[in-house]
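Novice: Handing you this structure, nothing more for now.
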Amino acid sequence: MAIYFYSLLATLIMGCISDVAYKKNNISKNRGWQAFFISLPLATVAGLRTIDIGTDIQVYGRGAFKAATSSQSMLSYITAMDARYGIEHGYDILNFLVSRFTDNINIFLFILSLVTLIPFVLGALSFRRTFSIPIWIQLGVFWGLNYGGTLNIMRQSVSMSIVYLAVAILLSKRGHNVRNYFLLLILAFEFHRTAVIAIIFFIIFEYVEVGMVKVKLSVRLPALILSISSVAIIGAILIKKLANTGFLSKYQSYTDGSNWLVQTSYGWGRILLLSIGALLVAVLFGFYLYLSTNKIFKKYVVFLLLVLIIDIATQFSASSGKLFTRLGLYFGIFEAISLPLGMNVLFNKRIKIVGYLIVLGYVIFVFFTVTKSGSGEIYPYQWILNLG
């Protein structure tokens, strides 16, 4: 497991360098290159792993890439992958493009990890400007709660990171943010169809932008929770109706109860371990909303609080099945910004670093515990260099 911690240390160092340069206004305006270099340590570890690390690589990852290397036509390859795996076209195209210059699956895994990590880092850079939260702690939380999953649920991890970037842009107040949000949402959908659930983020965004101005707080929160619940129920009904169509036939097992995600569940010990940070921060956000007079920042906090509530609800649903927990990953990834922001509420500016270190310690413990338990089949780590 040491290699995971080495990659975390390298990532935190690069994040700190970026944060220091940002504070001194001595940083390149090209955020893409920043995101690329910051992503390299974690992407390298992902690329060096053997095909025994992670479950999805064995289910479809290896077969899809091997098929791409022998295909001469992108269209025929996409058609074949639709028939064999039901894989989304964004992932198909990435496989095909990489296979044009290499038949080495480890190079593909490295590039896939970059495609996963770079959108997250770009989102973290945007959130740093919006909330003044250092990028290093966002990276630390992501590593502790999400990085292990990127080695396992490969397509959805790309989709989740793109959604993280999309929401960061949505909250940034820059021009055309709504247009860019939906363009990124379409891209996320092309890697995993569950990204359609990210429409909920836009509903929350519209609520805090418009509804908060006109309606009292005592009415706003219950009204939004009711609205989101209604959307979720209607969405579930539509998914069930569309399950027999070509569009959603791949996910029919989710609605008829035959999928393993529906049938398996987590114990309460694991659920509490994963949700205790979010629960604490939700309480802190509640106190902030009660005491603060900063109307603009309160809107951001309401947005993140509602995302946390959905995150917590989906985590607790794991006691009876993993389906909603899997969908809840789209909300859980935002703990990367919510947890450190919650520490800013608890600690003043001079000692907020203490809060960040507490959060980092918590997510490191989560990563160690969950990974050591065998979750996602990423432990013990095995790599192609065979150096131990």
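Residues are referred to by chain and number: the chain letter is A, B, ... according to the order shown in the structure tokens, the number counts from 1 in that chain, and ligands are numbered separately from 1 in the order shown.
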Enumerate the residues of stretch 48-98 of chain A with a DSSP assignment of helix (DSSP H, G or I), computed from the backbone, and present them as a PyMOL selection string.
Specialist: chain A and resi 48+56-70+74-84+89-98
Novice: I'd like the neighbourhood of A:Gly63 as a ChimeraX atom specification, where a residue qualifies if any of its atoms comes within 10 Å (using only C-alpha atoms), though same-chain residues fewer than 5 positions away should be ignored.
Specialist: /A:57-58,68,81,84-85
Novice: For stretch 87-175 of chain A against stretch 378-381 of chain A, with a cut-off of 8 Å and counting only C-alpha atoms, what is the closest atom pair and its distance in Å to one decimal for every residue that makes the cut, ordered by chain and number, as CSV?
Specialist:
```
residue,atom,partner,partner_atom,distance
A:Gly148,CA,A:Ile378,CA,7.1
A:Leu151,CA,A:Ile378,CA,7.2
A:Asn152,CA,A:Ile378,CA,7.6
```
Novice: Please produce a file of those selected residues containing all heavy atoms, as an mmCIF file, in the first residue's frame.
Specialist:
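Once everything was written out, this is result_34.cif:
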```cif
data_model
loop_
_atom_site.group_PDB
_atom_site.id
_atom_site.type_symbol
_atom_site.label_atom_id
_atom_site.label_comp_id
_atom_site.auth_asym_id
_atom_site.auth_seq_id
_atom_site.Cartn_x
_atom_site.Cartn_y
_atom_site.Cartn_z
ATOM 1 N N GLY A 148 -9.249 5.502 -5.009
ATOM 2 C CA GLY A 148 -9.330 4.049 -5.106
ATOM 3 C C GLY A 148 -10.406 3.605 -6.081
ATOM 4 O O GLY A 148 -10.220 2.644 -6.842
ATOM 5 N N LEU A 151 -9.600 3.393 -9.891
ATOM 6 C CA LEU A 151 -8.914 2.194 -10.365
ATOM 7 C C LEU A 151 -9.888 1.045 -10.573
ATOM 8 O O LEU A 151 -9.505 -0.012 -11.091
ATOM 9 C CB LEU A 151 -7.840 1.765 -9.357
ATOM 10 C CG LEU A 151 -6.827 2.825 -8.941
ATOM 11 C CD1 LEU A 151 -5.837 2.251 -7.938
ATOM 12 C CD2 LEU A 151 -6.107 3.402 -10.138
ATOM 13 N N ASN A 152 -11.123 1.265 -10.182
ATOM 14 C CA ASN A 152 -12.124 0.206 -10.209
ATOM 15 C C ASN A 152 -13.258 0.561 -11.170
ATOM 16 O O ASN A 152 -13.373 -0.012 -12.255
ATOM 17 C CB ASN A 152 -12.639 -0.035 -8.788
ATOM 18 C CG ASN A 152 -13.678 -1.121 -8.728
ATOM 19 O OD1 ASN A 152 -13.694 -2.018 -9.560
ATOM 20 N ND2 ASN A 152 -14.571 -1.032 -7.767
#
```
Novice: As a ChimeraX atom specification, please: the residues near stretch 314-319 of chain A (cut-off 9 Å, only C-alpha atoms, same-chain neighbours under 4 positions excluded).
Specialist: /A:264-268,271-272,274-275,309-310,323-329,331-332
Novice: With a distance cut-off of 8 Å and only C-alpha atoms, select the neighbouring residues of stretch 188-194 of chain A, excluding the residue or stretch itself and same-chain residues fewer than 3 positions from it, and output the selection as a PyMOL selection string.
Specialist: chain A and resi 88-91+155-156+158-160+162-163+184-185+197+327
Novice: Store the residues picked out above in a file with C-alpha atoms, as a PDB file, in the first residue's frame.
Specialist:
```
ATOM      1  CA  GLU A  88     -20.790   4.530 -23.699  1.00  0.00           C
ATOM      2  CA  HIS A  89     -19.287   6.081 -26.825  1.00  0.00           C
ATOM      3  CA  GLY A  90     -16.917   8.476 -25.065  1.00  0.00           C
ATOM      4  CA  TYR A  91     -15.060   5.544 -23.525  1.00  0.00           C
ATOM      5  CA  ARG A 155     -15.974   4.964 -16.754  1.00  0.00           C
ATOM      6  CA  GLN A 156     -18.098   6.444 -13.980  1.00  0.00           C
ATOM      7  CA  VAL A 158     -14.337   9.975 -15.529  1.00  0.00           C
ATOM      8  CA  SER A 159     -17.957  11.056 -15.540  1.00  0.00           C
ATOM      9  CA  MET A 160     -17.849  12.108 -11.872  1.00  0.00           C
ATOM     10  CA  ILE A 162     -16.288  16.005 -15.337  1.00  0.00           C
ATOM     11  CA  VAL A 163     -19.370  16.745 -13.225  1.00  0.00           C
ATOM     12  CA  LEU A 184     -19.755  19.167 -19.865  1.00  0.00           C
ATOM     13  CA  LEU A 185     -22.770  17.203 -18.660  1.00  0.00           C
ATOM     14  CA  ILE A 197     -28.430  12.501 -12.345  1.00  0.00           C
ATOM     15  CA  LEU A 327     -25.408   7.004  -7.920  1.00  0.00           C
TER      16      LEU A 327
END
```
Novice: Give the answer as one residue: which of A:Val281, A:Lys173, A:Ile384, A:Arg49 has the shortest atom-to-atom distance to A:Gly355, using only C-alpha atoms?
Specialist: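 Selected residue with least distance to A:Gly355: A:Val281.
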Novice: Tell me which of A:Thr116, A:Ile358, A:Asn106, A:Ser7 sits closest to A:Trp383, counting only C-alpha atoms.
Specialist: A:Asn106
Novice: Looking at only C-alpha atoms, which of A:Ala21, A:Thr369, A:Phe142, A:Thr102 is the one that sits closest to A:Thr69?
Specialist: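 That would be A:Thr102, the residue with the smallest distance to A:Thr69.
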